[in-house]
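Structure file data-v9.txt; described as compact mmCIF, C-alpha atoms.
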# COMPACT_ATOMS: atom_id res chain seq x y z
CA MET A 26 -23.62 -11.03 7.37
CA ILE A 27 -19.99 -11.87 8.07
CA GLU A 28 -20.78 -15.61 7.90
CA GLN A 29 -21.34 -15.11 4.18
CA VAL A 30 -17.72 -14.13 3.61
CA CYS A 31 -15.19 -16.74 2.54
CA PHE A 32 -12.06 -15.21 4.04
CA ASN A 33 -9.71 -17.69 2.34
CA GLU A 34 -10.92 -16.63 -1.08
CA VAL A 35 -10.91 -12.96 -0.16
CA MET A 36 -7.29 -13.14 1.04
CA ILE A 37 -6.05 -15.15 -1.93
CA GLU A 38 -7.81 -12.97 -4.52
CA SER A 39 -6.55 -9.82 -2.83
CA ALA A 40 -2.97 -11.09 -2.63
CA LYS A 41 -3.11 -12.26 -6.27
CA GLU A 42 -4.22 -8.81 -7.37
CA VAL A 43 -1.37 -7.14 -5.48
CA PHE A 44 1.32 -9.58 -6.63
CA GLU A 45 0.24 -9.51 -10.27
CA THR A 46 -0.10 -5.72 -10.43
CA MET A 47 2.69 -4.44 -8.22
CA VAL A 48 5.20 -7.25 -7.69
CA PHE A 49 5.04 -8.95 -11.09
CA MET A 50 5.26 -12.43 -9.52
CA ASP A 51 2.88 -15.38 -9.77
CA LEU A 52 0.99 -16.30 -6.63
CA ALA A 53 -1.06 -19.47 -6.23
CA GLU A 54 -2.57 -21.37 -3.34
CA ALA A 55 0.08 -23.75 -2.00
CA THR A 56 0.02 -27.26 -3.41
CA GLU A 57 1.34 -28.51 -0.06
CA PRO A 58 -0.45 -26.46 2.60
CA ASP A 59 1.46 -28.18 5.42
CA GLN A 60 4.64 -26.39 4.35
CA ASN A 61 5.77 -23.73 6.81
CA VAL A 62 7.82 -20.58 6.61
CA GLU A 63 10.93 -21.86 8.31
CA GLY A 64 13.95 -20.08 9.76
CA TRP A 65 14.40 -16.33 9.77
CA GLY A 66 11.69 -14.32 8.16
CA LEU A 67 9.61 -11.18 8.10
CA LEU A 68 6.07 -10.66 9.30
CA GLY A 69 4.23 -7.62 7.98
CA SER A 70 0.99 -6.91 9.79
CA ILE A 71 -1.75 -4.34 9.78
CA THR A 72 -4.61 -3.97 12.24
CA PHE A 73 -8.17 -2.92 11.60
CA LYS A 74 -11.17 -1.94 13.68
CA GLY A 75 -14.81 -1.11 13.04
CA GLY A 76 -17.51 -3.67 12.24
CA LEU A 77 -14.75 -6.24 12.71
CA GLU A 78 -11.47 -5.87 14.55
CA GLY A 79 -8.33 -7.81 13.96
CA CYS A 80 -5.09 -8.11 12.13
CA LEU A 81 -3.96 -9.22 8.69
CA ALA A 82 -0.42 -10.50 8.30
CA ILE A 83 1.91 -11.76 5.63
CA CYS A 84 4.81 -13.92 6.73
CA CYS A 85 7.67 -15.04 4.50
CA GLY A 86 11.30 -16.10 4.66
CA THR A 87 14.17 -13.66 4.21
CA ALA A 88 15.03 -14.88 0.70
CA CYS A 89 11.42 -14.52 -0.38
CA ALA A 90 11.21 -11.00 1.07
CA GLN A 91 14.33 -10.04 -0.85
CA ALA A 92 12.95 -11.47 -4.10
CA ILE A 93 9.68 -9.58 -3.60
CA THR A 94 11.54 -6.33 -2.89
CA THR A 95 13.81 -6.72 -5.91
CA ASN A 96 10.81 -7.29 -8.18
CA MET A 97 8.76 -4.46 -6.70
CA LEU A 98 11.59 -1.99 -7.17
CA GLY A 99 12.53 -3.36 -10.59
CA ILE A 100 16.20 -3.54 -9.66
CA ASP A 101 18.93 -6.00 -10.53
CA THR A 102 19.06 -9.15 -8.40
CA ASN A 103 22.73 -8.42 -7.68
CA GLU A 104 21.93 -5.03 -6.24
CA LYS A 105 22.34 -4.96 -2.47
CA LEU A 106 19.16 -4.43 -0.47
CA THR A 107 19.05 -2.96 3.00
CA GLU A 108 16.95 -4.37 5.83
CA GLU A 109 14.90 -1.17 5.60
CA ASP A 110 14.15 -1.85 1.91
CA THR A 111 12.78 -5.34 2.56
CA CYS A 112 10.81 -4.29 5.65
CA ASP A 113 9.32 -1.36 3.76
CA ALA A 114 8.33 -3.62 0.84
CA ILE A 115 6.68 -6.27 3.05
CA GLY A 116 4.85 -3.53 4.97
CA GLU A 117 3.53 -2.12 1.71
CA ILE A 118 2.40 -5.57 0.58
CA ALA A 119 0.48 -6.00 3.86
CA ASN A 120 -0.99 -2.52 3.38
CA MET A 121 -2.12 -3.17 -0.18
CA VAL A 122 -3.50 -6.66 0.52
CA MET A 123 -5.44 -5.20 3.47
CA GLY A 124 -6.75 -2.41 1.23
CA SER A 125 -7.95 -4.96 -1.27
CA VAL A 126 -9.44 -7.20 1.46
CA LYS A 127 -11.17 -4.16 2.95
CA SER A 128 -12.84 -3.19 -0.31
CA ARG A 129 -14.17 -6.76 -0.63
CA LEU A 130 -15.30 -6.97 3.02
CA LEU A 131 -17.14 -3.65 2.92
CA GLU A 132 -19.89 -5.44 1.01
CA ASN A 133 -20.66 -7.28 4.27
CA VAL A 134 -19.14 -5.14 7.04
CA ASP A 135 -20.25 -1.59 7.85
CA ASN A 136 -16.94 0.11 8.45
CA LEU A 137 -13.25 -0.76 8.73
CA GLU A 138 -10.50 1.60 9.83
CA VAL A 139 -7.00 0.41 8.98
CA SER A 140 -3.73 1.20 10.77
CA ILE A 141 -0.28 1.90 9.35
CA PRO A 142 1.57 -1.42 8.70
CA SER A 143 4.39 -2.69 10.89
CA VAL A 144 7.06 -5.27 10.13
CA ILE A 145 9.14 -7.46 12.41
CA ILE A 146 12.07 -9.71 11.62
CA GLY A 147 12.56 -12.89 13.60
CA HIS A 148 12.57 -16.64 13.82
CA GLU A 149 9.39 -18.73 13.38
CA LEU A 150 7.09 -15.72 13.57
CA ARG A 151 3.38 -16.08 14.34
CA ASN A 152 0.46 -13.68 14.14
CA SER A 153 -1.64 -13.52 17.34
CA LEU A 154 -4.67 -11.62 18.63
CA GLY A 155 -5.29 -13.29 21.98
CA GLU A 156 -8.24 -15.43 23.03
CA GLY A 157 -11.60 -15.32 21.31
CA ALA A 158 -10.23 -14.54 17.89
CA GLU A 159 -10.97 -16.47 14.74
CA LYS A 160 -7.92 -17.32 12.70
CA ILE A 161 -7.86 -17.88 8.96
CA SER A 162 -4.55 -18.97 7.53
CA VAL A 163 -3.68 -19.63 3.90
CA LYS A 164 -0.38 -20.79 2.48
CA VAL A 165 0.52 -19.61 -0.97
CA ASN A 166 3.43 -20.24 -3.30
CA ILE A 167 5.24 -17.39 -4.99
CA GLU A 168 6.70 -18.33 -8.38
CA ASP A 169 6.41 -22.00 -7.30
CA LYS A 170 9.51 -21.34 -5.20
CA TYR A 171 8.66 -19.62 -1.95
CA VAL A 172 6.07 -20.34 0.74
CA VAL A 173 4.18 -17.38 2.15
CA GLU A 174 1.59 -17.49 4.90
CA LEU A 175 -1.32 -15.07 4.78
CA SER A 176 -3.30 -14.88 7.99
CA LEU A 177 -6.32 -12.99 9.14
CA LEU A 178 -7.27 -12.87 12.81
CA TYR A 179 -10.54 -11.23 13.66
CA ARG A 180 -13.38 -10.96 16.12
CA GLU A 181 -16.57 -8.99 16.07
CA SER A 182 -16.11 -5.64 17.76
CA GLY A 183 -16.78 -5.43 21.51
CA ILE A 184 -15.73 -9.03 22.25
CA GLU A 185 -12.75 -9.15 24.62
CA MET B 5 6.43 22.46 -21.76
CA ALA B 6 8.30 20.28 -19.26
CA LYS B 7 6.37 19.34 -16.13
CA THR B 8 7.48 18.86 -12.57
CA LEU B 9 6.36 16.20 -10.10
CA MET B 10 6.48 15.60 -6.35
CA ILE B 11 5.86 12.18 -4.74
CA VAL B 12 4.76 12.30 -1.10
CA ASP B 13 4.77 8.99 0.78
CA ASP B 14 6.25 7.93 4.11
CA SER B 15 7.52 4.70 2.55
CA ALA B 16 10.76 5.17 0.59
CA THR B 17 10.01 1.90 -1.20
CA MET B 18 6.59 3.12 -2.30
CA ARG B 19 8.11 6.37 -3.56
CA LYS B 20 10.49 4.31 -5.72
CA ILE B 21 7.62 2.12 -6.96
CA ILE B 22 5.55 5.17 -7.86
CA MET B 23 8.53 6.67 -9.69
CA ARG B 24 9.02 3.40 -11.56
CA THR B 25 5.33 3.27 -12.50
CA VAL B 26 5.42 6.88 -13.70
CA ARG B 27 8.36 5.99 -15.96
CA MET B 28 6.49 2.90 -17.25
CA SER B 29 3.48 5.05 -18.07
CA ASP B 30 5.59 7.13 -20.53
CA LEU B 31 4.86 10.35 -18.69
CA LYS B 32 7.88 12.65 -18.85
CA PHE B 33 8.82 15.01 -16.04
CA ASP B 34 11.62 17.54 -16.12
CA ARG B 35 12.12 17.47 -12.35
CA THR B 36 10.90 15.12 -9.60
CA GLU B 37 10.94 15.79 -5.88
CA GLU B 38 10.17 13.48 -2.96
CA ALA B 39 8.82 14.09 0.53
CA GLY B 40 8.15 11.72 3.43
CA ASN B 41 5.07 13.46 4.84
CA GLY B 42 2.80 16.48 4.41
CA ASN B 43 4.98 18.85 6.45
CA GLU B 44 8.08 18.08 4.43
CA ALA B 45 6.12 18.45 1.16
CA ILE B 46 4.74 21.86 2.14
CA GLU B 47 8.17 23.16 3.12
CA LYS B 48 9.57 22.11 -0.27
CA LEU B 49 6.57 23.47 -2.19
CA LYS B 50 6.90 26.90 -0.55
CA SER B 51 10.19 27.50 -2.30
CA ALA B 52 9.75 25.29 -5.37
CA PRO B 53 6.18 24.60 -6.52
CA VAL B 54 5.51 21.67 -8.88
CA ASP B 55 2.86 20.94 -11.49
CA ILE B 56 1.67 17.61 -10.08
CA VAL B 57 1.78 16.12 -6.57
CA LEU B 58 1.17 12.38 -6.05
CA CYS B 59 0.31 11.97 -2.38
CA ASP B 60 -0.39 9.14 0.05
CA VAL B 61 -3.29 9.53 2.51
CA ASN B 62 -2.03 7.87 5.70
CA MET B 63 1.32 9.30 6.78
CA PRO B 64 2.84 10.22 10.14
CA GLU B 65 3.23 13.90 11.22
CA MET B 66 0.91 15.24 8.53
CA GLY B 67 -1.29 13.01 6.40
CA GLY B 68 -2.44 13.65 2.85
CA LEU B 69 -5.88 14.98 3.70
CA GLU B 70 -4.52 17.73 5.95
CA MET B 71 -1.80 18.48 3.43
CA VAL B 72 -4.34 19.10 0.65
CA LYS B 73 -6.28 21.53 2.84
CA LYS B 74 -3.11 23.42 3.82
CA ILE B 75 -1.83 23.69 0.26
CA ARG B 76 -5.15 25.03 -0.96
CA ALA B 77 -5.54 27.43 1.97
CA GLU B 78 -1.99 28.69 2.40
CA LEU B 79 0.21 28.16 -0.67
CA GLU B 80 -0.71 30.73 -3.29
CA ASN B 81 2.22 29.65 -5.45
CA CYS B 82 0.58 26.19 -5.76
CA ALA B 83 -2.82 27.40 -6.96
CA ASP B 84 -2.27 25.60 -10.27
CA THR B 85 -0.68 22.49 -8.76
CA LYS B 86 -2.70 19.35 -9.40
CA ILE B 87 -2.86 16.97 -6.44
CA ILE B 88 -3.59 13.29 -7.04
CA MET B 89 -4.07 11.08 -4.00
CA VAL B 90 -2.58 7.55 -4.09
CA SER B 91 -3.91 5.20 -1.44
CA THR B 92 -5.16 1.74 -0.53
CA GLU B 93 -8.17 3.49 1.00
CA SER B 94 -10.86 3.62 -1.63
CA SER B 95 -14.19 4.44 -0.01
CA GLN B 96 -16.33 6.82 -2.04
CA GLU B 97 -16.81 8.97 1.06
CA LEU B 98 -13.05 9.48 1.38
CA ILE B 99 -12.61 10.20 -2.33
CA ASP B 100 -15.50 12.69 -2.40
CA GLY B 101 -14.18 14.38 0.75
CA VAL B 102 -10.64 14.90 -0.48
CA ILE B 103 -11.81 16.07 -3.91
CA ALA B 104 -14.07 18.60 -2.16
CA ASP B 105 -11.04 19.76 -0.16
CA GLY B 106 -9.09 20.49 -3.32
CA ALA B 107 -7.50 17.29 -4.63
CA ASN B 108 -7.78 16.74 -8.38
CA GLY B 109 -7.87 12.96 -8.57
CA PHE B 110 -7.50 9.64 -6.78
CA ILE B 111 -5.54 6.51 -7.65
CA THR B 112 -6.06 3.35 -5.59
CA LYS B 113 -3.26 0.89 -4.78
CA PRO B 114 -2.50 -1.54 -6.30
CA PHE B 115 -2.08 0.54 -9.45
CA THR B 116 -0.85 0.06 -13.00
CA PRO B 117 1.07 2.31 -15.43
CA GLU B 118 -2.16 2.55 -17.44
CA LYS B 119 -3.96 3.98 -14.42
CA PHE B 120 -1.27 6.63 -14.01
CA GLN B 121 -1.49 7.44 -17.70
CA GLU B 122 -5.27 7.81 -17.45
CA LYS B 123 -5.26 10.00 -14.33
CA LEU B 124 -2.22 12.17 -15.06
CA SER B 125 -2.26 12.75 -18.81
CA PRO B 126 -5.16 15.29 -18.64
CA PHE B 127 -2.80 17.50 -16.62
CA MET B 128 0.25 17.09 -18.85
CA ASN B 129 -0.68 19.63 -21.55

Could you express the structure from this file as C-alpha cells?
Amino acid sequence: MIEQVCFNEVMIESAKEVFETMVFMDLAEATEPDQNVEGWGLLGSITFKGGLEGCLAICCGTACAQAITTNMLGIDTNEKLTEEDTCDAIGEIANMVMGSVKSRLLENVDNLEVSIPSVIIGHELRNSLGEGAEKISVKVNIEDKYVVELSLLYRESGIE
Amino acid sequence: MAKTLMIVDDSATMRKIIMRTVRMSDLKFDRTEEAGNGNEAIEKLKSAPVDIVLCDVNMPEMGGLEMVKKIRAELENCADTKIIMVSTESSQELIDGVIADGANGFITKPFTPEKFQEKLSPFMN
C-alpha cells in the first residue's frame, strides 16, 4: 500500500498547509532544487513508528528560522528573538507538518505514533536514519527568498 | 460576564501563537493563565479555576489526556470548566477517547482564528 503514496506531494502539501495557516508565508517547491541550506542553520526533526518508522525533518538557515519565528509570533522584525524562540518555532513547524503528513499517510498506513520534536543548531546539518532507509528530500522556497529542505526518512517496521 | 482562559502547552512559542489566534478570533477574556504541562495547570487551577482550558495532548511530566482525567476526577472547583484539546494528533479514536474522559472539544493544528471562534464561542455565553 505504501508504494501508492507520493511522499514528495504529501510533504509539500502538508508544509504548504502549515505555512499558509500558521506562519502566514508563501511556500512553493524550489525552482532550483540543487540549492542547499548553507552555513549555520536549524534542523527540527520528529520521529515516528508503527506501520512505518522513520523521521521527518525541516532544515533551514538561521535567517530563515528567525523570519519564520517572527511571522508565527506576529511580532515586529526589530524585536530581538532568543535562540529558544527560534528552536521552539522550528520544532513546532516539524510537529505540525508531521501531524499533517500523518493524517494523509493514515489512508495507506495502519498506525503511526509520533514523538515530541527536537531541534539542533549547527553547520551543514543532515537528517540520517542509518542503512536501509529510504530518503525523500524536497527543497522549497519560502517567500521566494529562503531555501528550506524537507526530508522524510523511513523504512517499513522490523527492518534493521 | 467576563471569561477566563488557561493555555496549557510545553512550547512557550505555541502558547504565544494560541494567544495570538485567540485575539484574532475576537474572543475576549478577562484573565489568561499559562502552564507548561498538566501538573503545573492542575496546581494553578486548584487555587484559581478558569472557564476554558486550551490544552496540548503530548507534553512532558503530565500530558493532556491524563490532565483531563485528573481535573474531572479531583478538581470539584473546575466542574464547569470547559476543556478543549489542541493537537496535531487527529485520529478519531483519540478524539473520542478524550471526549469520553471529559474534554469538551478538539482543535487540530494547524488551526485558524475561525476554528477557535467555532469551537469556543458556544462556551462564551

*Protein, DNA and RNA residues within 12 Å of (1.8, -26.6, 4.2), all atoms listed in the file, as a ChimeraX atom specification*: /A:54-63,162-166,171-175

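Nearest residue to chain B, choosing from A:Glu181, A:Asp110, A:Asp135, A:Asp101 and counting only C-alpha atoms: A:Asp110.
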
To test the calculation: enclose all listed atoms of segment 62-73 of chain B in a box whose edges run along x, y and z, add 3 Å on each side, then state centre and edge lengths in Å to one decimal, as JSON.
{"center_x": -1.5, "center_y": 14.7, "center_z": 5.9, "size_x": 15.5, "size_y": 19.7, "size_z": 16.6}

*What lies within 9 Å of Ala39 of chain B using all atoms listed in the file, ignoring chain neighbours under 2 positions off, as an MDAnalysis selection string?*
chainID B and resid 10:14 19 37 41:46 48

*What residues in chain B have any atom no more than 12 Å from chain A when counting all atoms listed in the file, and can you write them as a ChimeraX atom specification?*
/B:13-25,27-28,60-64,67,90-98,112-119

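Nearest residue to Ala119 of chain A, choosing from A:Gly75, A:Pro142, A:Gly157, A:Gly66 and counting only C-alpha atoms: A:Pro142.
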
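Atom CA of His148 of chain A to atom CA of Val35 of chain A spans 27.6 Å [interatomic distance, one decimal].
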
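Between atom CA of Arg180 of chain A and atom CA of Ser143 of chain A the interatomic distance comes to 20.3 Å.
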